[in-house]
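Q: Have a look at this one.
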Amino acid sequence: MFRILSRLAAAFAVALAASSVAAAPADARTARIGVDGMVCAFCAQGIEKKLKARPEVERIFVSLENKVVAVGFRDGRTLTDEELGRLIVDSGYKVTGIARTDESVDAIRDAVRRR
């Protein structure tokens with residue numbers, strides 16, 4: 001019963017996070033995801049492994065300190081916000097927001113590291 005309630009709460013959190021973000025360009029090449037619950041390098045590796053397994057994903061950057069995951073997509077391919085959220089939640093973390101951008105993963109990484 002607890003497992004079912006946990007899954008429902010996670011699905012609701014993903015839907016809420018996705019709906020709270022302004023509509024993004026359909027062809028945005030990068031998703032910037034706010035993630036709570038990452039505390040160590042193992043957390044980052046788990047998220048990277050889960051996302052890299054998807055054929056749509058080209059590049060990934062994870063910042064534990066800033067609670068950010070940036071996902072770059074292959075040309076002409078993408079994942080929906082719901083799919084991204086589900087991958088993060090299924091990895092054991094909470095999605096706080098998803099934003100689409102035309103910035104590259106490298107640009108997001110550089111901006112996060114300058115903070």
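FYI, nothing fancy with the structure tokens labels: chains A, B, ... in order, residues from 1 per chain, ligands from 1 as they appear.
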Show which residues sit within 7 Å of Tyr93 in chain A, as a PDB file with C-alpha atoms, in the first residue's frame. Count only C-alpha atoms, and ignore same-chain residues fewer than 2 positions away.

A:
ATOM      1  CA  VAL A  35      16.214  17.781  -8.622  1.00  0.00           C
ATOM      2  CA  ASP A  36      16.015  17.344  -4.837  1.00  0.00           C
ATOM      3  CA  GLY A  37      17.516  14.416  -2.976  1.00  0.00           C
ATOM      4  CA  MET A  38      20.931  14.131  -4.635  1.00  0.00           C
ATOM      5  CA  ILE A  88      14.262  11.040 -12.243  1.00  0.00           C
ATOM      6  CA  VAL A  89      11.503   9.948  -9.850  1.00  0.00           C
ATOM      7  CA  SER A  91      15.744   6.851  -9.768  1.00  0.00           C
ATOM      8  CA  VAL A  95      11.693  16.822  -9.557  1.00  0.00           C
TER       9      VAL A  95
END

Q: With distances taken over only C-alpha atoms, which of A:Thr101, A:Gln45, A:Thr30, A:Thr96 is nearest to Arg74 in chain A?

A: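 Nearest candidate to Arg74 in chain A out of A:Thr101, A:Gln45, A:Thr30, A:Thr96: A:Thr30.
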
Q: Nearest residue to Arg113 in chain A out of A:Ala41, A:Ser63, A:Lys50, A:Ala31, using only C-alpha atoms?

A: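 Distance minimum relative to Arg113 in chain A lands on A:Ser63.
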
Q: Here is a test: counting only C-alpha atoms, which residue of A:Asp110, A:Val71, A:Leu87, A:Lys94 is nearest to Ala28 in chain A?

A: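 Distance minimum relative to Ala28 in chain A lands on A:Val71.
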
Q: What is the CA of Asp75 in chain A-CA of Arg29 in chain A distance in Å, reported with one decimal?

A: 7.6 Å

Q: Among range 24-63 of chain A, which residues does DSSP mark as alpha helix (DSSP H) when it is run on the backbone? Keep the chain and numbering as in the structure and answer as a compact mmCIF listing (two decimals) with N, CA, C and O atoms, in the first residue's frame.

A:
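Dumped to selection-v2.txt:
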# COMPACT_ATOMS: atom_id res chain seq x y z
N ALA A 41 28.13 11.61 -5.12
CA ALA A 41 28.51 11.30 -6.50
C ALA A 41 27.76 10.07 -7.02
O ALA A 41 27.46 9.98 -8.21
N PHE A 42 27.45 9.14 -6.14
CA PHE A 42 26.70 7.96 -6.55
C PHE A 42 25.31 8.35 -7.06
O PHE A 42 24.81 7.78 -8.02
N CYS A 43 24.72 9.35 -6.42
CA CYS A 43 23.41 9.85 -6.88
C CYS A 43 23.52 10.37 -8.31
O CYS A 43 22.69 10.05 -9.17
N ALA A 44 24.53 11.19 -8.54
CA ALA A 44 24.74 11.77 -9.87
C ALA A 44 24.98 10.67 -10.91
O ALA A 44 24.43 10.71 -12.01
N GLN A 45 25.78 9.69 -10.55
CA GLN A 45 26.06 8.58 -11.48
C GLN A 45 24.80 7.79 -11.80
O GLN A 45 24.60 7.37 -12.94
N GLY A 46 23.94 7.59 -10.82
CA GLY A 46 22.70 6.85 -11.04
C GLY A 46 21.79 7.57 -12.02
O GLY A 46 21.20 6.96 -12.92
N ILE A 47 21.68 8.88 -11.87
CA ILE A 47 20.85 9.67 -12.78
C ILE A 47 21.46 9.67 -14.17
O ILE A 47 20.75 9.49 -15.17
N GLU A 48 22.77 9.87 -14.26
CA GLU A 48 23.44 9.85 -15.56
C GLU A 48 23.23 8.52 -16.27
O GLU A 48 22.91 8.49 -17.46
N LYS A 49 23.40 7.43 -15.56
CA LYS A 49 23.24 6.10 -16.16
C LYS A 49 21.83 5.90 -16.68
O LYS A 49 21.62 5.41 -17.79
N LYS A 50 20.85 6.30 -15.89
CA LYS A 50 19.44 6.13 -16.27
C LYS A 50 19.12 6.94 -17.53
O LYS A 50 18.47 6.44 -18.46
N LEU A 51 19.60 8.18 -17.58
CA LEU A 51 19.31 9.05 -18.73
C LEU A 51 20.12 8.66 -19.97
O LEU A 51 19.60 8.69 -21.08
N LYS A 52 21.37 8.29 -19.79
CA LYS A 52 22.22 7.91 -20.93
C LYS A 52 21.72 6.65 -21.62
O LYS A 52 22.04 6.41 -22.78

Q: From the DSSP assignment of the backbone, select every residue of range 30-84 of chain A that is strand (DSSP E or B), and format the answer as JSON, numbers by chain.

A: {"A": [30, 31, 32, 33, 34, 35, 36, 57, 58, 59, 60, 61, 62, 63, 68, 69, 70, 71, 72, 73]}

Q: Could you tell me how far CA of Glu103 in chain A sits from CA of Phe61 in chain A, in Å to one decimal place?

A: 12.7 Å

Q: Could you give me, as JSON, numbers by chain, the residues within 10 Å of Arg109 in chain A, counting only C-alpha atoms and dropping anything in the same chain fewer than 4 positions from it?

A: {"A": [60, 61, 62, 63, 68, 69, 70, 104, 105, 113, 114]}

Q: For Gly72 in chain A, which residue among A:Val57, A:Ala99, A:Ile33, A:Cys40 is the nearest when counting only C-alpha atoms?

A: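 Residue with the minimum atom-to-atom distance to Gly72 in chain A: A:Val57.
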
Q: Could you please determine the separation between CA of Asp106 in chain A and CA of Pro55 in chain A in Å, to one decimal place?

A: 19.5 Å
